[in-house]
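Written below as structure tokens is the structure these notes are about.
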Amino acid sequence: MANLGSTLVLTLLLAIGLVFFLRAASKDRTTVVEVRSSRPPLEVLGRLSEWLLQRGWQAESSDPERRHLCFRAQVAASPWLAVLLSLLGAVGAACLALVLRQLLPSLGWWPLLLALFGPAAGMIYRNRARRAETLELRLISHDSATGSALRLRAHRDELIALELELGPQLGLFSDGNLLSSPI
């Protein structure tokens, strides 16, 4: 009976881990970063806008007086991760059902119906990860001698993609924390 108790505790810990993974997979990771370039601001802003439009972003608003641009895109959830989470949820629920079956034999095989709730994990992930995201660009300085400086506010993954793909082309550089952080 002691083995079953410890197995139940481990199974419940796995369920708690799944809940925290679902929360982390759909967490908002909006970040603000300042980027500099030696190129003129019109070239940098034009290339950035073109790149964002190619990636499915849509221009939402612009304010020339504040030197501010805003783009919006709909982010989709990963279908493969949704399937994996559904599978893990079903297997975890089945394991919990087997432990409950061993602890309380009078329940019969009814606890195995818990496995039917497994796909709920994939549906929860899909609903929480699918959302509208914004990317805001603000021109901070535009001196012809020093180049241009931009403040970008967007999802961390989009900023990393921007730095990796457009960094070499436009001579973009920042403090480098975006690419070196472990998260």
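Within each chain, counting starts at residue 1; across the structure tokens, chains are named A, B, ... in the order shown, with ligands numbered 1 upward in that order.
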Contacts of Arg23 (chain A) at 9 Å (only C-alpha atoms; same-chain gap of 4+ positions) as an mmCIF file with N, CA, C and O atoms, in the first residue's frame:
data_model
loop_
_atom_site.group_PDB
_atom_site.id
_atom_site.type_symbol
_atom_site.label_atom_id
_atom_site.label_comp_id
_atom_site.auth_asym_id
_atom_site.auth_seq_id
_atom_site.Cartn_x
_atom_site.Cartn_y
_atom_site.Cartn_z
ATOM 1 N N LEU A 18 2.168 19.252 -15.707
ATOM 2 C CA LEU A 18 1.447 19.516 -16.957
ATOM 3 C C LEU A 18 0.715 20.852 -16.889
ATOM 4 O O LEU A 18 0.734 21.628 -17.842
ATOM 5 N N VAL A 19 0.101 21.142 -15.752
ATOM 6 C CA VAL A 19 -0.601 22.425 -15.585
ATOM 7 C C VAL A 19 0.374 23.590 -15.714
ATOM 8 O O VAL A 19 0.111 24.572 -16.416
ATOM 9 N N LYS A 27 2.247 31.806 -22.007
ATOM 10 C CA LYS A 27 2.564 33.016 -21.263
ATOM 11 C C LYS A 27 2.949 34.157 -22.209
ATOM 12 O O LYS A 27 3.610 33.944 -23.222
ATOM 13 N N TYR A 125 -4.348 24.497 -24.272
ATOM 14 C CA TYR A 125 -3.168 25.129 -24.875
ATOM 15 C C TYR A 125 -3.550 25.888 -26.144
ATOM 16 O O TYR A 125 -3.147 27.035 -26.338
ATOM 17 N N ARG A 128 -5.425 29.144 -25.356
ATOM 18 C CA ARG A 128 -4.639 30.171 -24.674
ATOM 19 C C ARG A 128 -3.492 30.701 -25.528
ATOM 20 O O ARG A 128 -3.098 31.854 -25.394
#
- request: Enumerate the residues of region 13-141 of chain A with a DSSP assignment of strand (DSSP E or B), computed from the backbone, and present them as a PyMOL selection string.
  value: chain A and resi 30-37+58-63+68-75+131-141
Could you pull the residues within 9 Å of region 148-163 of chain A, counting only C-alpha atoms, minus those fewer than 2 positions along the same chain, as a CSV table (one decimal) with all heavy atoms, in the first residue's frame?
chain,number,residue,atom,x,y,z
A,28,ASP,N,2.5,35.4,-21.8
A,28,ASP,CA,2.9,36.5,-22.6
A,28,ASP,C,4.4,36.9,-22.4
A,28,ASP,O,4.8,37.1,-21.2
A,28,ASP,CB,2.0,37.7,-22.3
A,28,ASP,CG,2.3,39.0,-23.1
A,28,ASP,OD1,2.8,38.8,-24.2
A,28,ASP,OD2,2.1,40.1,-22.6
A,29,ARG,N,5.2,37.0,-23.4
A,29,ARG,CA,6.6,37.3,-23.3
A,29,ARG,C,6.9,38.6,-24.0
A,29,ARG,O,7.9,38.6,-24.8
A,29,ARG,CB,7.4,36.1,-23.8
A,29,ARG,CG,7.4,35.0,-22.8
A,29,ARG,CD,8.3,33.9,-23.3
A,29,ARG,NE,8.5,32.9,-22.3
A,29,ARG,CZ,7.6,31.9,-22.0
A,29,ARG,NH1,6.5,31.8,-22.7
A,29,ARG,NH2,7.9,31.0,-21.1
A,30,THR,N,6.1,39.6,-23.8
A,30,THR,CA,6.4,40.9,-24.5
A,30,THR,C,7.6,41.5,-23.8
A,30,THR,O,7.7,41.6,-22.6
A,30,THR,CB,5.2,41.8,-24.3
A,30,THR,OG1,4.0,41.1,-24.9
A,30,THR,CG2,5.4,43.1,-25.0
A,31,THR,N,8.5,42.0,-24.7
A,31,THR,CA,9.8,42.6,-24.3
A,31,THR,C,10.0,43.9,-25.0
A,31,THR,O,9.5,44.1,-26.1
A,31,THR,CB,10.9,41.6,-24.6
A,31,THR,OG1,10.6,40.4,-24.1
A,31,THR,CG2,12.2,42.1,-24.0
A,32,VAL,N,10.7,44.8,-24.3
A,32,VAL,CA,11.1,46.1,-24.9
A,32,VAL,C,12.6,46.1,-25.1
A,32,VAL,O,13.3,45.7,-24.2
A,32,VAL,CB,10.7,47.3,-24.1
A,32,VAL,CG1,11.2,48.6,-24.7
A,32,VAL,CG2,9.2,47.3,-23.9
A,33,VAL,N,13.1,46.4,-26.3
A,33,VAL,CA,14.5,46.4,-26.6
A,33,VAL,C,14.8,47.7,-27.4
A,33,VAL,O,14.0,48.1,-28.2
A,33,VAL,CB,14.9,45.1,-27.3
A,33,VAL,CG1,14.4,45.0,-28.7
A,33,VAL,CG2,16.4,45.0,-27.3
A,34,GLU,N,16.0,48.2,-27.2
A,34,GLU,CA,16.5,49.3,-28.0
A,34,GLU,C,17.5,48.8,-29.0
A,34,GLU,O,18.4,48.1,-28.6
A,34,GLU,CB,17.1,50.4,-27.1
A,34,GLU,CG,16.0,51.2,-26.4
A,34,GLU,CD,16.5,52.4,-25.7
A,34,GLU,OE1,17.6,52.9,-26.0
A,34,GLU,OE2,15.8,52.9,-24.8
A,35,VAL,N,17.3,49.2,-30.3
A,35,VAL,CA,18.2,48.7,-31.3
A,35,VAL,C,18.8,49.9,-32.0
A,35,VAL,O,18.1,50.9,-32.3
A,35,VAL,CB,17.4,47.9,-32.3
A,35,VAL,CG1,18.2,47.4,-33.5
A,35,VAL,CG2,16.8,46.7,-31.6
A,36,ARG,N,20.0,49.9,-32.4
A,36,ARG,CA,20.7,51.0,-33.1
A,36,ARG,C,21.2,50.5,-34.5
A,36,ARG,O,21.5,49.3,-34.7
A,36,ARG,CB,21.9,51.5,-32.3
A,36,ARG,CG,21.5,52.1,-31.0
A,36,ARG,CD,22.6,52.9,-30.4
A,36,ARG,NE,22.2,53.6,-29.2
A,36,ARG,CZ,21.5,54.7,-29.2
A,36,ARG,NH1,21.2,55.3,-30.3
A,36,ARG,NH2,21.2,55.3,-28.1
A,37,SER,N,21.3,51.4,-35.4
A,37,SER,CA,21.8,51.1,-36.7
A,37,SER,C,22.6,52.3,-37.2
A,37,SER,O,22.2,53.4,-36.9
A,37,SER,CB,20.7,50.8,-37.7
A,37,SER,OG,21.2,50.6,-39.0
A,38,SER,N,23.6,52.1,-38.0
A,38,SER,CA,24.4,53.1,-38.6
A,38,SER,C,23.7,53.7,-39.9
A,38,SER,O,24.1,54.7,-40.4
A,38,SER,CB,25.8,52.7,-38.9
A,38,SER,OG,25.7,51.6,-39.8
A,39,ARG,N,22.6,53.0,-40.3
A,39,ARG,CA,22.0,53.4,-41.6
A,39,ARG,C,20.9,54.5,-41.3
A,39,ARG,O,20.5,54.6,-40.1
A,39,ARG,CB,21.3,52.2,-42.2
A,39,ARG,CG,22.3,51.1,-42.4
A,39,ARG,CD,22.1,50.4,-43.6
A,39,ARG,NE,23.1,49.4,-43.7
A,39,ARG,CZ,23.1,48.5,-44.7
A,39,ARG,NH1,22.2,48.5,-45.6
A,39,ARG,NH2,24.1,47.6,-44.7
A,40,PRO,N,20.5,55.2,-42.3
A,40,PRO,CA,19.5,56.2,-42.1
A,40,PRO,C,18.1,55.7,-41.7
A,40,PRO,O,17.8,54.5,-42.1
A,40,PRO,CB,19.4,56.9,-43.5
A,40,PRO,CG,20.2,56.1,-44.4
A,40,PRO,CD,21.0,55.1,-43.7
A,41,PRO,N,17.4,56.4,-40.9
A,41,PRO,CA,16.1,55.9,-40.4
A,41,PRO,C,15.1,55.5,-41.4
A,41,PRO,O,14.4,54.5,-41.3
A,41,PRO,CB,15.5,57.0,-39.5
A,41,PRO,CG,16.5,58.1,-39.6
A,41,PRO,CD,17.6,57.7,-40.5
A,44,VAL,N,16.0,52.0,-42.6
A,44,VAL,CA,15.8,51.0,-41.5
A,44,VAL,C,14.3,50.8,-41.3
A,44,VAL,O,13.8,49.6,-41.3
A,44,VAL,CB,16.4,51.5,-40.2
A,44,VAL,CG1,16.0,50.5,-39.1
A,44,VAL,CG2,17.9,51.5,-40.3
A,48,LEU,N,12.3,47.3,-42.2
A,48,LEU,CA,11.6,46.7,-41.1
A,48,LEU,C,10.1,46.5,-41.4
A,48,LEU,O,9.5,45.4,-41.2
A,48,LEU,CB,11.7,47.5,-39.8
A,48,LEU,CG,12.9,47.3,-38.9
A,48,LEU,CD1,13.0,48.3,-37.8
A,48,LEU,CD2,12.9,45.9,-38.3
A,51,TRP,N,9.7,43.7,-44.0
A,51,TRP,CA,10.0,42.4,-43.4
A,51,TRP,C,8.8,42.0,-42.6
A,51,TRP,O,8.4,40.8,-42.7
A,51,TRP,CB,11.2,42.5,-42.6
A,51,TRP,CG,11.6,41.2,-41.9
A,51,TRP,CD1,12.3,40.1,-42.5
A,51,TRP,CD2,11.4,40.8,-40.5
A,51,TRP,NE1,12.5,39.1,-41.6
A,51,TRP,CE2,12.0,39.5,-40.4
A,51,TRP,CE3,10.9,41.5,-39.5
A,51,TRP,CZ2,11.9,38.9,-39.2
A,51,TRP,CZ3,10.8,40.8,-38.2
A,51,TRP,CH2,11.4,39.5,-38.1
A,52,LEU,N,8.2,42.9,-41.8
A,52,LEU,CA,7.0,42.5,-41.0
A,52,LEU,C,5.8,42.2,-41.9
A,52,LEU,O,5.1,41.2,-41.6
A,52,LEU,CB,6.7,43.7,-40.1
A,52,LEU,CG,7.6,43.9,-38.9
A,52,LEU,CD1,7.4,45.2,-38.2
A,52,LEU,CD2,7.6,42.8,-37.9
A,133,GLU,N,-1.2,39.7,-31.4
A,133,GLU,CA,0.0,40.3,-30.8
A,133,GLU,C,0.3,41.6,-31.5
A,133,GLU,O,-0.1,41.8,-32.7
A,133,GLU,CB,1.2,39.3,-31.0
A,133,GLU,CG,1.1,38.0,-30.4
A,133,GLU,CD,2.2,37.7,-29.4
A,133,GLU,OE1,3.2,38.4,-29.4
A,133,GLU,OE2,2.0,36.8,-28.6
A,134,THR,N,1.0,42.5,-30.8
A,134,THR,CA,1.3,43.8,-31.4
A,134,THR,C,2.8,43.9,-31.4
A,134,THR,O,3.5,43.4,-30.5
A,134,THR,CB,0.7,44.9,-30.7
A,134,THR,OG1,1.1,44.9,-29.3
A,134,THR,CG2,-0.8,44.9,-30.8
A,135,LEU,N,3.3,44.7,-32.4
A,135,LEU,CA,4.7,45.0,-32.4
A,135,LEU,C,4.8,46.6,-32.6
A,135,LEU,O,4.2,47.1,-33.6
A,135,LEU,CB,5.4,44.3,-33.6
A,135,LEU,CG,6.9,44.5,-33.7
A,135,LEU,CD1,7.6,43.3,-34.1
A,135,LEU,CD2,7.3,45.7,-34.5
A,136,GLU,N,5.4,47.2,-31.7
A,136,GLU,CA,5.5,48.7,-31.7
A,136,GLU,C,6.9,49.1,-32.0
A,136,GLU,O,7.8,48.6,-31.4
A,136,GLU,CB,5.0,49.3,-30.4
A,136,GLU,CG,3.5,49.0,-30.1
A,136,GLU,CD,3.1,49.5,-28.8
A,136,GLU,OE1,3.7,50.4,-28.2
A,136,GLU,OE2,2.0,49.0,-28.3
A,137,LEU,N,7.0,50.1,-32.9
A,137,LEU,CA,8.3,50.6,-33.3
A,137,LEU,C,8.3,52.1,-33.0
A,137,LEU,O,7.3,52.8,-33.3
A,137,LEU,CB,8.5,50.5,-34.8
A,137,LEU,CG,8.9,49.2,-35.4
A,137,LEU,CD1,8.4,49.2,-36.9
A,137,LEU,CD2,10.4,49.1,-35.4
A,138,ARG,N,9.3,52.6,-32.3
A,138,ARG,CA,9.4,54.0,-32.1
A,138,ARG,C,10.8,54.5,-32.4
A,138,ARG,O,11.8,53.9,-31.9
A,138,ARG,CB,9.0,54.3,-30.6
A,138,ARG,CG,9.1,55.8,-30.3
A,138,ARG,CD,8.4,56.1,-29.0
A,138,ARG,NE,8.4,57.6,-28.9
A,138,ARG,CZ,9.2,58.2,-28.0
A,138,ARG,NH1,10.0,57.5,-27.3
A,138,ARG,NH2,9.1,59.5,-27.9
A,139,LEU,N,10.9,55.5,-33.3
A,139,LEU,CA,12.2,56.1,-33.6
A,139,LEU,C,12.6,57.0,-32.5
A,139,LEU,O,11.9,58.0,-32.2
A,139,LEU,CB,12.0,56.8,-35.0
A,139,LEU,CG,13.3,57.4,-35.6
A,139,LEU,CD1,14.3,56.3,-35.9
A,139,LEU,CD2,13.0,58.2,-36.8
A,140,ILE,N,13.7,56.7,-31.9
A,140,ILE,CA,14.2,57.5,-30.8
A,140,ILE,C,15.1,58.6,-31.3
A,140,ILE,O,14.9,59.8,-30.9
A,140,ILE,CB,15.0,56.6,-29.8
A,140,ILE,CG1,14.1,55.5,-29.2
A,140,ILE,CG2,15.5,57.5,-28.6
A,140,ILE,CD1,14.8,54.5,-28.4
A,141,SER,N,16.1,58.3,-32.1
A,141,SER,CA,16.9,59.4,-32.6
A,141,SER,C,17.2,59.1,-34.1
A,141,SER,O,17.2,57.9,-34.5
A,141,SER,CB,18.3,59.4,-31.9
A,141,SER,OG,19.0,58.3,-32.2
A,142,HIS,N,17.4,60.1,-34.8
A,142,HIS,CA,17.6,60.0,-36.3
A,142,HIS,C,18.6,61.0,-36.7
A,142,HIS,O,18.4,61.8,-37.6
A,142,HIS,CB,16.3,60.1,-37.0
A,142,HIS,CG,15.5,61.4,-36.7
A,142,HIS,ND1,15.7,62.5,-37.3
A,142,HIS,CD2,14.6,61.6,-35.7
A,142,HIS,CE1,14.9,63.5,-36.8
A,142,HIS,NE2,14.3,62.9,-35.8
A,143,ASP,N,19.8,60.9,-36.2
A,143,ASP,CA,20.9,61.8,-36.5
A,143,ASP,C,21.7,61.1,-37.7
A,143,ASP,O,22.0,60.0,-37.6
A,143,ASP,CB,21.8,62.0,-35.3
A,143,ASP,CG,22.9,63.0,-35.6
A,143,ASP,OD1,22.8,63.7,-36.6
A,143,ASP,OD2,23.8,63.1,-34.7
A,144,SER,N,21.9,61.9,-38.7
A,144,SER,CA,22.7,61.4,-39.8
A,144,SER,C,24.1,61.0,-39.5
A,144,SER,O,24.7,60.1,-40.1
A,144,SER,CB,22.6,62.4,-41.0
A,144,SER,OG,23.3,63.6,-40.6
A,146,THR,N,25.1,59.7,-36.4
A,146,THR,CA,25.1,58.5,-35.6
A,146,THR,C,24.2,57.4,-36.1
A,146,THR,O,24.2,56.3,-35.5
A,146,THR,CB,24.7,58.9,-34.1
A,146,THR,OG1,23.4,59.4,-34.1
A,146,THR,CG2,25.7,59.9,-33.5
A,165,GLU,N,17.6,37.9,-38.5
A,165,GLU,CA,17.4,38.0,-39.9
A,165,GLU,C,17.8,39.3,-40.5
A,165,GLU,O,18.4,39.4,-41.5
A,165,GLU,CB,16.0,37.6,-40.3
A,165,GLU,CG,15.6,36.2,-40.1
A,165,GLU,CD,14.2,35.8,-40.5
A,165,GLU,OE1,13.7,36.5,-41.4
A,165,GLU,OE2,13.6,35.0,-39.8
A,166,LEU,N,17.4,40.4,-39.8
A,166,LEU,CA,17.7,41.7,-40.3
A,166,LEU,C,18.9,42.4,-39.7
A,166,LEU,O,19.4,43.4,-40.3
A,166,LEU,CB,16.5,42.6,-40.0
A,166,LEU,CG,15.2,42.4,-40.9
A,166,LEU,CD1,14.2,43.4,-40.6
A,166,LEU,CD2,15.6,42.4,-42.4
A,167,GLY,N,19.4,41.8,-38.6
A,167,GLY,CA,20.6,42.4,-38.0
A,167,GLY,C,21.8,42.6,-38.9
A,167,GLY,O,22.3,43.7,-39.1
A,168,PRO,N,22.2,41.6,-39.6
A,168,PRO,CA,23.3,41.7,-40.5
A,168,PRO,C,23.0,42.6,-41.7
A,168,PRO,O,23.9,43.3,-42.2
A,168,PRO,CB,23.6,40.3,-41.0
A,168,PRO,CG,23.0,39.4,-40.0
A,168,PRO,CD,21.8,40.2,-39.4
A,172,LEU,N,22.0,46.2,-37.6
A,172,LEU,CA,21.3,46.4,-36.3
A,172,LEU,C,22.2,45.8,-35.2
A,172,LEU,O,22.7,44.8,-35.3
A,172,LEU,CB,20.0,45.8,-36.3
A,172,LEU,CG,18.9,46.3,-37.3
A,172,LEU,CD1,17.7,45.4,-37.2
A,172,LEU,CD2,18.6,47.7,-37.0
A,173,PHE,N,22.2,46.6,-34.1
A,173,PHE,CA,22.9,46.0,-32.9
A,173,PHE,C,22.2,46.5,-31.7
A,173,PHE,O,21.7,47.6,-31.6
A,173,PHE,CB,24.4,46.3,-32.9
A,173,PHE,CG,24.7,47.8,-32.9
A,173,PHE,CD1,24.9,48.5,-31.8
A,173,PHE,CD2,24.8,48.5,-34.2
A,173,PHE,CE1,25.2,49.9,-31.8
A,173,PHE,CE2,25.1,49.8,-34.2
A,173,PHE,CZ,25.3,50.5,-33.0
A,174,SER,N,22.2,45.7,-30.7
A,174,SER,CA,21.6,46.1,-29.4
A,174,SER,C,22.6,45.6,-28.3
A,174,SER,O,23.7,45.3,-28.6
A,174,SER,CB,20.2,45.4,-29.2
A,174,SER,OG,20.4,44.0,-29.1
A,178,LEU,N,19.0,39.9,-25.5
A,178,LEU,CA,17.9,39.1,-26.1
A,178,LEU,C,18.4,37.8,-26.5
A,178,LEU,O,17.7,36.8,-26.3
A,178,LEU,CB,17.3,39.9,-27.3
A,178,LEU,CG,15.9,39.6,-27.6
A,178,LEU,CD1,15.0,39.9,-26.5
A,178,LEU,CD2,15.5,40.5,-28.8
A,179,LEU,N,19.5,37.7,-27.2
A,179,LEU,CA,20.0,36.4,-27.7
A,179,LEU,C,20.7,35.6,-26.6
A,179,LEU,O,20.9,34.4,-26.8
A,179,LEU,CB,20.9,36.6,-28.9
A,179,LEU,CG,20.3,37.3,-30.1
A,179,LEU,CD1,21.3,37.5,-31.2
A,179,LEU,CD2,19.2,36.4,-30.6
- prompt: Interatomic distance between CA of Leu12 (chain A) and CA of Ala93 (chain A)?
  reply: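 It comes out at 9.6 Å.
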message: Restricting the calculation to only C-alpha atoms: of A:Leu10, A:Ser61, A:Glu50, A:Glu43, which residue gets closest to Leu170 (chain A)?
response: A:Glu43
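Between CA of Ala24 (chain A) and CA of Trp80 (chain A) there is a distance of 16.5 Å.
Separating CA of Val91 (chain A) from CA of Arg131 (chain A) is a distance of 28.1 Å.
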- prompt: Of the candidates A:Gly171, A:Leu103, A:Leu98, A:Leu87, which one gets nearest to Arg47 (chain A) if we count only C-alpha atoms?
  reply: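 Smallest distance to Arg47 (chain A) is found for A:Gly171.
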Name the residues of region 8-151 of chain A that fall into alpha helix (DSSP H) according to DSSP on the backbone, using the chain letters and numbers of this document, as a PDB file with C-alpha atoms, in the first residue's frame.
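Heads up, here's the output in part_4.pdb:
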ATOM      1  CA  LEU A   8      -0.158   8.390  -6.443  1.00  0.00           C
ATOM      2  CA  VAL A   9       1.958  11.305  -5.207  1.00  0.00           C
ATOM      3  CA  LEU A  10       4.269  11.053  -8.227  1.00  0.00           C
ATOM      4  CA  THR A  11       1.311  10.879 -10.602  1.00  0.00           C
ATOM      5  CA  LEU A  12      -0.230  13.971  -9.020  1.00  0.00           C
ATOM      6  CA  LEU A  13       3.113  15.767  -9.331  1.00  0.00           C
ATOM      7  CA  LEU A  14       3.132  14.924 -13.049  1.00  0.00           C
ATOM      8  CA  ALA A  15      -0.348  16.429 -13.364  1.00  0.00           C
ATOM      9  CA  ILE A  16       0.833  19.588 -11.596  1.00  0.00           C
ATOM     10  CA  GLY A  17       3.809  19.724 -13.987  1.00  0.00           C
ATOM     11  CA  LEU A  18       1.447  19.516 -16.957  1.00  0.00           C
ATOM     12  CA  VAL A  19      -0.601  22.425 -15.585  1.00  0.00           C
ATOM     13  CA  PHE A  20       2.508  24.568 -15.155  1.00  0.00           C
ATOM     14  CA  PHE A  21       3.735  23.628 -18.630  1.00  0.00           C
ATOM     15  CA  LEU A  22       0.392  24.717 -20.088  1.00  0.00           C
ATOM     16  CA  ARG A  23       0.692  28.056 -18.292  1.00  0.00           C
ATOM     17  CA  ALA A  24       4.268  28.590 -19.480  1.00  0.00           C
ATOM     18  CA  ALA A  25       3.522  27.625 -23.096  1.00  0.00           C
ATOM     19  CA  PRO A  41      16.113  55.887 -40.388  1.00  0.00           C
ATOM     20  CA  LEU A  42      14.046  55.806 -43.589  1.00  0.00           C
ATOM     21  CA  GLU A  43      16.001  52.822 -44.859  1.00  0.00           C
ATOM     22  CA  VAL A  44      15.768  50.998 -41.522  1.00  0.00           C
ATOM     23  CA  LEU A  45      12.052  51.684 -41.032  1.00  0.00           C
ATOM     24  CA  GLY A  46      11.242  50.811 -44.642  1.00  0.00           C
ATOM     25  CA  ARG A  47      13.081  47.500 -44.490  1.00  0.00           C
ATOM     26  CA  LEU A  48      11.581  46.652 -41.085  1.00  0.00           C
ATOM     27  CA  SER A  49       8.058  47.405 -42.326  1.00  0.00           C
ATOM     28  CA  GLU A  50       8.619  45.319 -45.462  1.00  0.00           C
ATOM     29  CA  TRP A  51       9.971  42.412 -43.415  1.00  0.00           C
ATOM     30  CA  LEU A  52       7.025  42.526 -40.998  1.00  0.00           C
ATOM     31  CA  LEU A  53       4.493  42.609 -43.843  1.00  0.00           C
ATOM     32  CA  GLN A  54       6.175  39.565 -45.419  1.00  0.00           C
ATOM     33  CA  PRO A  79      -0.748  21.937 -33.748  1.00  0.00           C
ATOM     34  CA  TRP A  80       2.004  19.415 -32.966  1.00  0.00           C
ATOM     35  CA  LEU A  81       2.391  20.717 -29.421  1.00  0.00           C
ATOM     36  CA  ALA A  82      -1.389  20.556 -28.954  1.00  0.00           C
ATOM     37  CA  VAL A  83      -1.375  16.883 -30.050  1.00  0.00           C
ATOM     38  CA  LEU A  84       1.589  16.101 -27.787  1.00  0.00           C
ATOM     39  CA  LEU A  85      -0.085  17.757 -24.796  1.00  0.00           C
ATOM     40  CA  SER A  86      -3.323  15.883 -25.513  1.00  0.00           C
ATOM     41  CA  LEU A  87      -1.415  12.609 -25.617  1.00  0.00           C
ATOM     42  CA  LEU A  88       0.494  13.401 -22.422  1.00  0.00           C
ATOM     43  CA  GLY A  89      -2.732  14.423 -20.701  1.00  0.00           C
ATOM     44  CA  ALA A  90      -4.450  11.179 -21.714  1.00  0.00           C
ATOM     45  CA  VAL A  91      -1.524   8.990 -20.623  1.00  0.00           C
ATOM     46  CA  GLY A  92      -1.207  10.878 -17.337  1.00  0.00           C
ATOM     47  CA  ALA A  93      -4.937  10.604 -16.647  1.00  0.00           C
ATOM     48  CA  ALA A  94      -4.820   6.877 -17.438  1.00  0.00           C
ATOM     49  CA  CYS A  95      -1.911   6.437 -15.017  1.00  0.00           C
ATOM     50  CA  LEU A  96      -3.853   8.277 -12.323  1.00  0.00           C
ATOM     51  CA  ALA A  97      -6.849   6.059 -13.064  1.00  0.00           C
ATOM     52  CA  LEU A  98      -4.757   2.893 -12.669  1.00  0.00           C
ATOM     53  CA  VAL A  99      -3.395   4.089  -9.338  1.00  0.00           C
ATOM     54  CA  LEU A 100      -6.905   4.950  -8.146  1.00  0.00           C
ATOM     55  CA  ARG A 101      -8.074   1.528  -9.325  1.00  0.00           C
ATOM     56  CA  GLN A 102      -5.385  -0.146  -7.210  1.00  0.00           C
ATOM     57  CA  LEU A 103      -6.117   2.004  -4.154  1.00  0.00           C
ATOM     58  CA  PRO A 119      -7.369  15.950 -24.913  1.00  0.00           C
ATOM     59  CA  ALA A 120      -8.532  18.862 -22.748  1.00  0.00           C
ATOM     60  CA  ALA A 121      -4.847  19.743 -22.226  1.00  0.00           C
ATOM     61  CA  GLY A 122      -4.361  20.272 -25.970  1.00  0.00           C
ATOM     62  CA  MET A 123      -7.554  22.293 -26.258  1.00  0.00           C
ATOM     63  CA  ILE A 124      -6.587  24.510 -23.313  1.00  0.00           C
ATOM     64  CA  TYR A 125      -3.168  25.129 -24.875  1.00  0.00           C
ATOM     65  CA  ARG A 126      -4.698  25.874 -28.297  1.00  0.00           C
ATOM     66  CA  ASN A 127      -7.173  28.384 -26.867  1.00  0.00           C
ATOM     67  CA  ARG A 128      -4.639  30.171 -24.674  1.00  0.00           C
ATOM     68  CA  ALA A 129      -1.782  30.295 -27.205  1.00  0.00           C
TER      69      ALA A 129
END
